[in-house]
>>> print(open('start.cif').read())   # mmCIF, C-alpha atoms and all ligand atoms
data_protein
#
loop_
_atom_site.label_atom_id
_atom_site.label_comp_id
_atom_site.auth_asym_id
_atom_site.auth_seq_id
_atom_site.Cartn_x
_atom_site.Cartn_y
_atom_site.Cartn_z
CA MET A 132 20.55 -50.77 138.27
CA SER A 133 18.43 -53.78 139.29
CA ALA A 134 17.09 -54.11 142.84
CA LEU A 135 19.55 -56.96 143.38
CA ASP A 136 22.49 -54.87 142.16
CA GLY A 137 21.36 -52.04 144.44
CA ALA A 138 21.27 -54.37 147.43
CA ARG A 139 24.69 -55.79 146.53
CA ALA A 140 26.15 -52.30 146.36
CA ARG A 141 24.68 -51.40 149.74
CA LEU A 142 26.08 -54.56 151.29
CA ARG A 143 29.52 -53.89 149.83
CA ALA A 144 29.51 -50.35 151.17
CA ALA A 145 28.06 -51.14 154.62
CA ARG A 146 30.29 -51.31 157.65
CA ARG A 147 27.53 -52.43 160.00
CA VAL A 148 25.42 -55.42 159.01
CA ALA A 149 22.99 -57.38 161.20
CA VAL A 150 21.56 -60.75 160.21
CA LEU A 151 18.67 -62.77 161.65
CA THR A 152 18.37 -66.40 160.64
CA GLY A 153 15.70 -69.04 161.17
CA ALA A 154 15.17 -72.70 160.45
CA GLY A 155 15.12 -72.10 156.66
CA VAL A 156 18.88 -71.48 156.69
CA SER A 157 19.52 -75.04 157.87
CA LYS A 158 17.05 -76.71 155.56
CA GLU A 159 19.67 -77.36 152.90
CA SER A 160 21.66 -79.15 155.60
CA GLY A 161 18.77 -81.58 155.89
CA ILE A 162 17.32 -80.24 159.15
CA PRO A 163 13.53 -79.90 158.97
CA THR A 164 11.86 -76.60 159.85
CA PHE A 165 9.12 -76.49 162.48
CA ARG A 166 6.37 -75.76 159.99
CA GLU A 167 7.12 -78.90 158.02
CA ALA A 168 5.39 -82.03 159.17
CA GLN A 169 7.47 -84.04 161.60
CA THR A 170 8.49 -87.42 160.25
CA GLY A 171 8.77 -90.99 161.51
CA LEU A 172 8.39 -91.61 165.20
CA TRP A 173 7.56 -87.99 165.89
CA ALA A 174 4.87 -87.49 163.24
CA ARG A 175 2.08 -87.72 165.80
CA PHE A 176 3.38 -84.84 167.92
CA ARG A 177 3.27 -81.16 167.11
CA PRO A 178 6.45 -79.27 168.15
CA GLU A 179 4.28 -76.99 170.31
CA GLU A 180 3.34 -80.08 172.35
CA LEU A 181 6.99 -80.97 172.98
CA ALA A 182 8.82 -77.64 173.16
CA SER A 183 7.17 -76.21 176.26
CA PRO A 184 7.77 -76.15 180.02
CA GLN A 185 4.38 -77.86 180.49
CA ALA A 186 5.36 -80.73 178.19
CA PHE A 187 8.65 -81.18 180.05
CA ALA A 188 6.93 -81.15 183.45
CA ARG A 189 4.42 -83.72 182.22
CA ASP A 190 6.84 -86.09 180.54
CA PRO A 191 10.53 -85.19 180.72
CA GLN A 192 11.66 -88.48 179.14
CA LEU A 193 9.48 -87.90 176.09
CA VAL A 194 10.75 -84.35 175.62
CA TRP A 195 14.36 -85.47 176.11
CA ALA A 196 13.90 -88.30 173.60
CA TRP A 197 12.75 -85.73 171.03
CA TYR A 198 15.72 -83.45 171.74
CA ALA A 199 18.16 -86.38 171.69
CA TRP A 200 16.81 -87.32 168.25
CA ARG A 201 17.15 -83.75 166.95
CA TYR A 202 20.61 -83.45 168.53
CA ALA A 203 21.78 -86.57 166.70
CA LEU A 204 20.30 -85.23 163.45
CA CYS A 205 22.14 -81.92 163.84
CA ALA A 206 25.42 -83.54 164.87
CA ALA A 207 25.31 -85.63 161.68
CA ALA A 208 24.44 -82.61 159.49
CA ARG A 209 26.97 -80.21 158.00
CA PRO A 210 26.87 -76.44 157.62
CA ASN A 211 25.78 -75.45 154.12
CA ARG A 212 26.71 -72.66 151.71
CA ALA A 213 24.49 -70.16 153.54
CA HIS A 214 26.22 -70.76 156.89
CA GLN A 215 29.61 -70.48 155.18
CA LEU A 216 28.79 -67.25 153.34
CA LEU A 217 27.60 -65.61 156.58
CA SER A 218 30.80 -66.68 158.28
CA ALA A 219 32.81 -65.17 155.39
CA LEU A 220 30.85 -61.92 155.69
CA GLU A 221 31.76 -61.76 159.38
CA ALA A 222 35.43 -62.27 158.47
CA ARG A 223 35.25 -59.19 156.22
CA LEU A 224 33.25 -56.92 158.56
CA GLY A 225 34.62 -57.93 161.96
CA GLU A 226 33.03 -55.92 164.79
CA GLY A 227 30.50 -54.36 162.43
CA PHE A 228 28.84 -57.72 161.98
CA THR A 229 26.24 -59.42 164.18
CA LEU A 230 24.45 -62.71 163.51
CA ALA A 231 21.37 -63.40 165.62
CA THR A 232 19.89 -66.83 165.10
CA GLN A 233 16.72 -68.55 166.23
CA ASN A 234 18.28 -71.88 165.32
CA VAL A 235 19.37 -74.25 168.03
CA ASP A 236 21.32 -76.58 165.73
CA GLY A 237 24.80 -75.10 166.28
CA LEU A 238 25.57 -75.02 162.52
CA HIS A 239 26.51 -71.31 162.41
CA ALA A 240 29.22 -71.85 165.02
CA ARG A 241 30.47 -74.92 163.17
CA ALA A 242 30.77 -72.81 159.99
CA GLY A 243 33.06 -70.45 161.91
CA SER A 244 30.67 -67.66 162.99
CA THR A 245 31.73 -66.11 166.30
CA ARG A 246 29.84 -62.81 166.45
CA LEU A 247 26.83 -65.04 167.04
CA LEU A 248 23.83 -64.60 169.32
CA GLU A 249 21.88 -67.81 169.83
CA LEU A 250 18.54 -66.32 170.84
CA HIS A 251 16.79 -69.66 171.39
CA GLY A 252 19.67 -71.59 172.95
CA ASN A 253 21.45 -74.66 171.64
CA LEU A 254 20.26 -78.24 171.63
CA GLY A 255 23.80 -79.52 172.12
CA ARG A 256 23.68 -78.18 175.69
CA ALA A 257 21.78 -78.92 178.90
CA ARG A 258 20.96 -76.55 181.73
CA CYS A 259 20.37 -77.18 185.43
CA GLU A 260 17.23 -75.51 186.73
CA ARG A 261 18.39 -76.00 190.31
CA CYS A 262 21.84 -74.37 190.20
CA GLY A 263 22.10 -72.75 186.76
CA GLU A 264 24.99 -74.91 185.51
CA ARG A 265 25.29 -75.43 181.74
CA GLN A 266 26.94 -78.48 180.16
CA ASN A 267 27.61 -79.65 176.63
CA LEU A 268 25.98 -82.98 175.87
CA PRO A 269 28.26 -85.95 175.23
CA ALA A 270 28.48 -87.24 171.65
CA PRO A 271 25.08 -88.54 170.45
CA GLU A 272 26.22 -92.20 170.51
CA ALA A 273 27.13 -91.87 174.19
CA PHE A 274 24.19 -89.72 175.26
CA GLU A 275 21.51 -91.13 177.53
CA PRO A 276 18.98 -88.61 178.73
CA PRO A 277 18.45 -87.08 181.15
CA PRO A 278 21.94 -85.66 181.72
CA LEU A 279 22.81 -85.09 185.38
CA CYS A 280 24.30 -81.83 186.62
CA GLN A 281 28.01 -82.19 187.37
CA ARG A 282 27.73 -79.53 190.05
CA CYS A 283 24.61 -80.52 192.03
CA GLY A 284 23.47 -83.86 190.62
CA ALA A 285 20.00 -82.76 189.51
CA ALA A 286 18.44 -83.92 186.24
CA MET A 287 18.96 -81.21 183.66
CA ARG A 288 16.77 -79.79 180.87
CA PRO A 289 17.62 -78.91 177.27
CA ASP A 290 19.29 -75.46 177.11
CA VAL A 291 16.75 -74.07 174.68
CA VAL A 292 14.02 -71.44 174.91
CA TRP A 293 10.59 -73.04 174.90
CA PHE A 294 7.23 -71.63 173.86
CA GLY A 295 6.12 -69.20 176.53
CA GLU A 296 9.63 -68.60 177.91
CA MET A 297 11.76 -65.45 177.89
CA LEU A 298 14.76 -65.10 175.60
CA PRO A 299 18.20 -64.72 177.20
CA GLU A 300 18.13 -61.03 178.07
CA ALA A 301 21.74 -60.08 177.31
CA ALA A 302 21.71 -61.76 173.89
CA LEU A 303 18.39 -60.15 172.97
CA LYS A 304 19.63 -56.69 174.01
CA GLN A 305 22.80 -57.10 171.97
CA ALA A 306 20.77 -58.21 168.96
CA GLN A 307 18.41 -55.25 169.29
CA ALA A 308 21.33 -52.82 169.53
CA ALA A 309 22.97 -54.37 166.46
CA PHE A 310 19.78 -54.12 164.40
CA GLN A 311 19.30 -50.51 165.44
CA ARG A 312 22.87 -49.66 164.37
CA ALA A 313 22.89 -51.65 161.13
CA GLU A 314 23.06 -49.97 157.73
CA VAL A 315 21.92 -53.21 156.11
CA ALA A 316 19.81 -55.86 157.84
CA LEU A 317 19.25 -59.34 156.45
CA VAL A 318 16.46 -61.68 157.50
CA VAL A 319 17.04 -65.20 156.22
CA GLY A 320 14.82 -68.29 156.39
CA THR A 321 12.50 -67.24 159.18
CA SER A 322 8.72 -67.31 159.12
CA GLY A 323 8.78 -64.03 161.05
CA VAL A 324 6.00 -64.97 163.43
CA VAL A 325 7.96 -65.79 166.60
CA TYR A 326 8.53 -62.65 168.70
CA PRO A 327 10.62 -60.91 169.93
CA ALA A 328 13.12 -62.21 167.33
CA ALA A 329 10.87 -61.22 164.44
CA GLY A 330 10.72 -57.67 165.85
CA LEU A 331 14.40 -57.13 165.02
CA ALA A 332 13.51 -56.47 161.36
CA GLY A 333 11.16 -53.65 162.36
CA LEU A 334 13.76 -52.10 164.68
CA ALA A 335 16.26 -51.98 161.84
CA ARG A 336 13.78 -50.38 159.45
CA GLU A 337 12.71 -47.74 161.99
CA ALA A 338 16.36 -46.83 162.43
CA GLY A 339 16.77 -46.40 158.67
CA ALA A 340 18.45 -49.66 157.65
CA PHE A 341 18.06 -51.23 154.24
CA LEU A 342 16.21 -54.49 154.88
CA ILE A 343 16.66 -57.58 152.72
CA GLU A 344 14.58 -60.72 153.20
CA ILE A 345 15.54 -64.14 151.90
CA ASN A 346 12.71 -66.67 151.94
CA PRO A 347 11.07 -68.75 149.19
CA GLU A 348 7.68 -67.78 150.69
CA PRO A 349 6.21 -64.39 151.59
CA THR A 350 6.10 -63.72 155.35
CA PRO A 351 4.64 -61.03 157.63
CA LEU A 352 8.06 -59.33 157.39
CA SER A 353 7.94 -59.08 153.58
CA PRO A 354 6.06 -55.76 153.47
CA LEU A 355 8.86 -54.20 155.57
CA ALA A 356 11.67 -55.31 153.28
CA GLN A 357 13.09 -53.19 150.45
CA LEU A 358 14.09 -56.39 148.70
CA SER A 359 12.69 -59.91 149.08
CA LEU A 360 14.63 -62.70 147.39
CA ARG A 361 12.31 -65.67 146.87
CA GLN A 362 15.05 -68.25 146.79
CA ASP A 363 16.79 -70.81 148.95
CA ALA A 364 19.15 -69.25 151.48
CA GLY A 365 22.39 -70.49 149.89
CA GLU A 366 21.46 -69.41 146.38
CA ALA A 367 20.27 -65.97 147.47
CA LEU A 368 23.29 -65.24 149.67
CA GLU A 369 25.52 -66.33 146.82
CA ALA A 370 23.80 -63.80 144.56
CA LEU A 371 24.07 -61.04 147.16
CA LEU A 372 27.66 -61.64 148.23
CA LYS A 373 29.22 -62.98 145.04
CA GLY A 374 32.79 -61.89 144.53
CA GLU A 375 33.37 -60.54 148.00
CA GLU A 376 34.24 -63.66 149.96
CA GLY A 377 37.65 -64.44 151.26
CA GLY A 378 38.84 -68.03 151.47
CA SER A 379 36.39 -70.81 152.12
CA VAL A 380 35.63 -71.61 155.72
CA ALA A 381 36.03 -75.16 156.89
CA ASP A 382 33.50 -77.10 158.93
CA ARG A 383 34.86 -77.23 162.46
P1 LIG B 401 10.01 -71.73 160.85
O1 LIG B 401 10.06 -73.22 160.71
O2 LIG B 401 8.85 -71.11 161.45
O3 LIG B 401 10.18 -71.06 159.40
C1 LIG B 401 11.13 -71.44 158.47
C2 LIG B 401 11.07 -70.47 157.31
O4 LIG B 401 12.09 -70.83 156.39
C3 LIG B 401 9.76 -70.48 156.53
O5 LIG B 401 9.30 -69.15 156.39
C4 LIG B 401 10.16 -71.06 155.17
O6 LIG B 401 9.42 -70.46 154.09
C5 LIG B 401 11.61 -70.70 155.08
N1 LIG B 401 12.41 -71.60 154.26
C6 LIG B 401 12.16 -72.89 153.93
N2 LIG B 401 13.17 -73.37 153.19
C7 LIG B 401 14.06 -72.37 153.03
C8 LIG B 401 15.31 -72.27 152.36
N3 LIG B 401 15.85 -73.32 151.70
N4 LIG B 401 15.97 -71.09 152.40
C9 LIG B 401 15.46 -70.04 153.08
N5 LIG B 401 14.27 -70.08 153.73
C10 LIG B 401 13.59 -71.24 153.71
O7 LIG B 401 11.32 -71.37 161.63
P2 LIG B 401 11.73 -70.06 162.43
O8 LIG B 401 11.24 -68.85 161.75
O9 LIG B 401 13.18 -70.23 162.67
O10 LIG B 401 11.01 -70.07 163.86
C11 LIG B 401 10.45 -71.13 164.57
C12 LIG B 401 11.22 -71.75 165.72
O11 LIG B 401 11.72 -72.97 165.26
C13 LIG B 401 12.40 -71.08 166.30
O12 LIG B 401 12.10 -70.82 167.63
C14 LIG B 401 13.56 -72.11 166.25
O13 LIG B 401 14.20 -72.16 167.52
C15 LIG B 401 12.90 -73.39 165.96
N6 LIG B 401 13.55 -74.36 165.07
C16 LIG B 401 14.90 -74.40 164.89
C17 LIG B 401 15.48 -75.31 164.00
C18 LIG B 401 16.98 -75.33 163.83
O14 LIG B 401 17.71 -75.03 164.77
N7 LIG B 401 17.49 -75.65 162.62
C19 LIG B 401 14.67 -76.17 163.27
C20 LIG B 401 13.27 -76.10 163.46
C21 LIG B 401 12.74 -75.19 164.35
ZN ZN B 402 22.93 -78.18 189.15
#
>>> encode(input="start.cif", output="structure tokens")
Amino acid sequence: MSALDGARARLRAARRVAVLTGAGVSKESGIPTFREAQTGLWARFRPEELASPQAFARDPQLVWAWYAWRYALCAAARPNRAHQLLSALEARLGEGFTLATQNVDGLHARAGSTRLLELHGNLGRARCERCGERQNLPAPEAFEPPPLCQRCGAAMRPDVVWFGEMLPEAALKQAQAAFQRAEVALVVGTSGVVYPAAGLAGLAREAGAFLIEINPEPTPLSPLAQLSLRQDAGEALEALLKGEEGGSVADR
């Protein structure tokens, strides 16, 4: 039996599966990853100089303009085969399935995933630092930053986790528990350098899970994985899950 067949058999037999995704999963939807050079207007900024509390304190309009641009890009994008296959896997496994994502693009939810933990927030939402209120942004055409809090009137910030900030504690705990329980863990399209999300792979391995990585490039997580598929996310998930999907899942 090939390593791929072995992994397929384990996935078919598993009742508890945990998945971690990163920017690579959305690349085939046309959303650039962080490590790729920024294009156009934003080429002269590094993401680290925009996605931080310091950057926002220094120049909130600049940071909001960057998020508004990314929000419009994501709103115009569509979930791809990888998002759909993960949603189909959830439909089969139900409560045994957990999807933790570092992505802020909202594409997993639009593909129908509900057992979803957005560890780094969502760029379609704003948060009020004064009163804690969260609000969805209006449609990109109608959006003019900064959004004002409907509860207290303060200018809001993007509801994402910036460099140097803590992850939402409840979501992180749930993700850690799911990776510790999982029989099979999948790590898809993440460079594996941003902690604590990257630590989920190690937790799963320590607890005895079979770890599969999907990434065209080797990462610091590769030595931990029993199988590394050096392919695009959609293609690799197709190979792993072929024949076990239910109906196709529509873009919502
Ligand atoms: P990353 O940009 O650091 O790494 C992306 C990884 O995806 C790389 O290892 C790359 O080799 C791999 N990759 C590239 N194309 C792929 C493909 N077609 N299929 C599978 N893998 C592919 O992203 P990260 O690991 O998610 O972490 C960095 C941070 O970037 C996160 O905090 C995240 O919030 C943020 N981010 C999110 C988005 C998004 O929401 N789509 C986009 C850019 C950055
Ligand atoms: Zn408020």
>>> residues_near_ligand(input="start.cif", ligand="ligand ZN 402 (chain B)", cutoff="12 Å", atoms="all atoms listed in the file", output="JSON, numbers by chain")
{"A": [257, 258, 259, 260, 261, 262, 263, 264, 265, 266, 278, 279, 280, 281, 282, 283, 284, 285, 286, 287, 288]}
>>> closest_residue(input="start.cif", among="A:Ala145, A:Ala338, A:Ala306, A:Ile345", to="ligand LIG 401 (chain B)", atoms="all atoms listed in the file")
A:Ile345
>>> residues_around(input="start.cif", residues="Arg177 of chain A", least_positions_apart="3", cutoff="10 Å", atoms="only C-alpha atoms", output="JSON, numbers by chain")
{"A": [165, 166, 168, 169, 173, 174, 180, 181, 182]}
>>> write_last_selection(input="start.cif", atoms="C-alpha atoms", output="compact mmCIF listing (two decimals), keeping the file's coordinate frame")
# COMPACT_ATOMS: atom_id res chain seq x y z
CA PHE A 165 9.12 -76.49 162.48
CA ARG A 166 6.37 -75.76 159.99
CA ALA A 168 5.39 -82.03 159.17
CA GLN A 169 7.47 -84.04 161.60
CA TRP A 173 7.56 -87.99 165.89
CA ALA A 174 4.87 -87.49 163.24
CA GLU A 180 3.34 -80.08 172.35
CA LEU A 181 6.99 -80.97 172.98
CA ALA A 182 8.82 -77.64 173.16
>>> closest_atom_pairs(input="start.cif", of="chain A", to="ligand LIG 401 (chain B)", cutoff="9 Å", atoms="all atoms listed in the file", output="CSV")
residue,atom,partner,partner_atom,distance
A:Thr152,CA,B:LIG401,O9,6.8
A:Gly153,CA,B:LIG401,O9,3.2
A:Ala154,CA,B:LIG401,O9,3.9
A:Gly155,CA,B:LIG401,O4,3.3
A:Val156,CA,B:LIG401,C9,5.2
A:Ser157,CA,B:LIG401,N7,5.2
A:Lys158,CA,B:LIG401,N3,5.3
A:Glu159,CA,B:LIG401,N3,5.7
A:Ser160,CA,B:LIG401,N7,8.9
A:Ile162,CA,B:LIG401,N7,5.8
A:Pro163,CA,B:LIG401,C19,5.8
A:Thr164,CA,B:LIG401,C20,3.9
A:Phe165,CA,B:LIG401,O1,3.8
A:Arg166,CA,B:LIG401,O1,4.5
A:Glu167,CA,B:LIG401,O1,6.9
A:Pro178,CA,B:LIG401,C21,8.4
A:Arg201,CA,B:LIG401,C19,8.8
A:Cys205,CA,B:LIG401,N7,7.9
A:Ala213,CA,B:LIG401,N4,8.6
A:Thr232,CA,B:LIG401,O9,7.9
A:Gln233,CA,B:LIG401,O13,4.6
A:Asn234,CA,B:LIG401,O14,3.2
A:Val235,CA,B:LIG401,O14,3.7
A:Asp236,CA,B:LIG401,O14,4.0
A:Gly237,CA,B:LIG401,O14,7.2
A:Leu238,CA,B:LIG401,N7,8.1
A:Leu250,CA,B:LIG401,O13,8.0
A:His251,CA,B:LIG401,O13,5.3
A:Gly252,CA,B:LIG401,O13,7.7
A:Asn253,CA,B:LIG401,O14,7.8
A:Leu254,CA,B:LIG401,O14,8.0
A:Val291,CA,B:LIG401,O13,7.8
A:Val292,CA,B:LIG401,O13,7.4
A:Trp293,CA,B:LIG401,O12,7.7
A:Phe294,CA,B:LIG401,O12,7.9
A:Val319,CA,B:LIG401,C9,6.0
A:Gly320,CA,B:LIG401,N5,3.3
A:Thr321,CA,B:LIG401,O8,3.3
A:Ser322,CA,B:LIG401,O5,3.3
A:Gly323,CA,B:LIG401,O8,5.5
A:Val324,CA,B:LIG401,O8,6.7
A:Val325,CA,B:LIG401,O10,5.9
A:Tyr326,CA,B:LIG401,O12,9.0
A:Ala328,CA,B:LIG401,O12,8.7
A:Ala329,CA,B:LIG401,O8,8.1
A:Ile345,CA,B:LIG401,C9,6.0
A:Asn346,CA,B:LIG401,N5,4.2
A:Pro347,CA,B:LIG401,O6,5.4
A:Glu348,CA,B:LIG401,O6,4.7
A:Pro349,CA,B:LIG401,O6,7.3
A:Thr350,CA,B:LIG401,O5,6.4
A:Arg361,CA,B:LIG401,C9,8.2
A:Gln362,CA,B:LIG401,N4,6.4
A:Asp363,CA,B:LIG401,N4,3.6
A:Ala364,CA,B:LIG401,N4,3.8
A:Gly365,CA,B:LIG401,N4,6.9
A:Glu366,CA,B:LIG401,N4,8.3
A:Ala367,CA,B:LIG401,N4,8.3
>>> closest_residue(input="start.cif", among="A:Leu230, A:Leu217, A:Leu317, A:Ala203", to="Gly333 of chain A", atoms="all atoms listed in the file")
A:Leu317
>>> closest_residue(input="start.cif", among="A:Pro184, A:Pro191, A:Pro276, A:Gly161", to="Ala208 of chain A", atoms="only C-alpha atoms")
A:Gly161
>>> residues_around(input="start.cif", residues="Val315 of chain A", least_positions_apart="3", cutoff="12 Å", atoms="all atoms listed in the file", output="VMD selection string")
chain A and resid 137 to 151 227 to 229 309 to 312 318 332 334 to 336 338 to 344 356 to 358
>>> atom_distance(input="start.cif", atom1="atom CA of Ala273 of chain A", atom2="atom CA of Arg209 of chain A")
20.0 Å
>>> atom_distance(input="start.cif", atom1="atom CA of Leu371 of chain A", atom2="atom CA of Asp136 of chain A")
8.1 Å
>>> atom_distance(input="start.cif", atom1="atom CA of Leu368 of chain A", atom2="atom CA of Ala316 of chain A")
12.9 Å
>>> closest_residue(input="start.cif", among="A:His239, A:Ser359, A:Glu179, A:Glu275", to="Arg212 of chain A", atoms="all atoms listed in the file")
A:His239
>>> closest_residue(input="start.cif", among="A:Leu216, A:Leu224, A:Ala188, A:Leu360", to="Leu372 of chain A", atoms="only C-alpha atoms")
A:Leu216
>>> axis_aligned_box(input="start.cif", around="segment 161-171 of chain A", padding_each_side="5 Å", output="JSON")
{"center_x": 12.1, "center_y": -83.4, "center_z": 159.2, "size_x": 23.4, "size_y": 25.2, "size_z": 16.6}
>>> decode(input="start.cif", residues="segment 302-321 of chain A", atoms="N, CA, C and O atoms", output="JSON list (two decimals), in the first residue's frame")
[["chain", "number", "residue", "atom", "x", "y", "z"],
["A", 302, "ALA", "N", -11.45, 29.98, 21.44],
["A", 302, "ALA", "CA", -11.24, 29.30, 20.14],
["A", 302, "ALA", "C", -9.94, 28.51, 20.16],
["A", 302, "ALA", "O", -9.87, 27.37, 19.70],
["A", 303, "LEU", "N", -8.89, 29.10, 20.74],
["A", 303, "LEU", "CA", -7.61, 28.40, 20.79],
["A", 303, "LEU", "C", -7.71, 27.13, 21.65],
["A", 303, "LEU", "O", -7.23, 26.06, 21.27],
["A", 304, "LYS", "N", -8.39, 27.24, 22.79],
["A", 304, "LYS", "CA", -8.56, 26.07, 23.67],
["A", 304, "LYS", "C", -9.33, 24.96, 22.96],
["A", 304, "LYS", "O", -8.97, 23.79, 23.05],
["A", 305, "GLN", "N", -10.39, 25.34, 22.27],
["A", 305, "GLN", "CA", -11.18, 24.34, 21.53],
["A", 305, "GLN", "C", -10.33, 23.68, 20.45],
["A", 305, "GLN", "O", -10.42, 22.47, 20.22],
["A", 306, "ALA", "N", -9.51, 24.47, 19.78],
["A", 306, "ALA", "CA", -8.65, 23.92, 18.72],
["A", 306, "ALA", "C", -7.64, 22.95, 19.33],
["A", 306, "ALA", "O", -7.43, 21.84, 18.83],
["A", 307, "GLN", "N", -7.04, 23.35, 20.45],
["A", 307, "GLN", "CA", -6.05, 22.48, 21.10],
["A", 307, "GLN", "C", -6.69, 21.16, 21.53],
["A", 307, "GLN", "O", -6.13, 20.09, 21.31],
["A", 308, "ALA", "N", -7.88, 21.24, 22.10],
["A", 308, "ALA", "CA", -8.58, 20.02, 22.53],
["A", 308, "ALA", "C", -8.86, 19.12, 21.32],
["A", 308, "ALA", "O", -8.67, 17.90, 21.37],
["A", 309, "ALA", "N", -9.29, 19.73, 20.23],
["A", 309, "ALA", "CA", -9.63, 18.93, 19.03],
["A", 309, "ALA", "C", -8.38, 18.26, 18.46],
["A", 309, "ALA", "O", -8.44, 17.10, 18.05],
["A", 310, "PHE", "N", -7.25, 18.96, 18.47],
["A", 310, "PHE", "CA", -6.03, 18.35, 17.93],
["A", 310, "PHE", "C", -5.50, 17.26, 18.86],
["A", 310, "PHE", "O", -4.89, 16.30, 18.41],
["A", 311, "GLN", "N", -5.76, 17.39, 20.15],
["A", 311, "GLN", "CA", -5.32, 16.35, 21.08],
["A", 311, "GLN", "C", -6.19, 15.10, 20.99],
["A", 311, "GLN", "O", -5.75, 14.01, 21.32],
["A", 312, "ARG", "N", -7.43, 15.27, 20.57],
["A", 312, "ARG", "CA", -8.36, 14.14, 20.44],
["A", 312, "ARG", "C", -8.28, 13.46, 19.08],
["A", 312, "ARG", "O", -8.76, 12.35, 18.92],
["A", 313, "ALA", "N", -7.75, 14.16, 18.09],
["A", 313, "ALA", "CA", -7.88, 13.71, 16.70],
["A", 313, "ALA", "C", -7.13, 12.42, 16.44],
["A", 313, "ALA", "O", -6.03, 12.20, 16.96],
["A", 314, "GLU", "N", -7.72, 11.53, 15.63],
["A", 314, "GLU", "CA", -6.99, 10.36, 15.14],
["A", 314, "GLU", "C", -6.16, 10.73, 13.92],
["A", 314, "GLU", "O", -5.08, 10.20, 13.71],
["A", 315, "VAL", "N", -6.70, 11.63, 13.11],
["A", 315, "VAL", "CA", -5.96, 12.15, 11.96],
["A", 315, "VAL", "C", -5.97, 13.67, 12.03],
["A", 315, "VAL", "O", -7.02, 14.27, 12.28],
["A", 316, "ALA", "N", -4.80, 14.28, 11.86],
["A", 316, "ALA", "CA", -4.72, 15.74, 11.81],
["A", 316, "ALA", "C", -4.16, 16.14, 10.45],
["A", 316, "ALA", "O", -3.24, 15.51, 9.93],
["A", 317, "LEU", "N", -4.74, 17.20, 9.90],
["A", 317, "LEU", "CA", -4.33, 17.69, 8.58],
["A", 317, "LEU", "C", -3.87, 19.14, 8.73],
["A", 317, "LEU", "O", -4.56, 19.94, 9.37],
["A", 318, "VAL", "N", -2.73, 19.45, 8.15],
["A", 318, "VAL", "CA", -2.23, 20.82, 8.17],
["A", 318, "VAL", "C", -2.07, 21.26, 6.72],
["A", 318, "VAL", "O", -1.29, 20.68, 5.98],
["A", 319, "VAL", "N", -2.86, 22.26, 6.32],
["A", 319, "VAL", "CA", -2.98, 22.58, 4.90],
["A", 319, "VAL", "C", -2.61, 24.04, 4.61],
["A", 319, "VAL", "O", -3.24, 24.95, 5.15],
["A", 320, "GLY", "N", -1.59, 24.26, 3.79],
["A", 320, "GLY", "CA", -1.31, 25.60, 3.29],
["A", 320, "GLY", "C", -0.88, 26.60, 4.34],
["A", 320, "GLY", "O", -1.20, 27.77, 4.25],
["A", 321, "THR", "N", -0.15, 26.13, 5.32],
["A", 321, "THR", "CA", 0.39, 27.08, 6.31],
["A", 321, "THR", "C", 1.90, 26.94, 6.39],
["A", 321, "THR", "O", 2.44, 25.85, 6.29]]
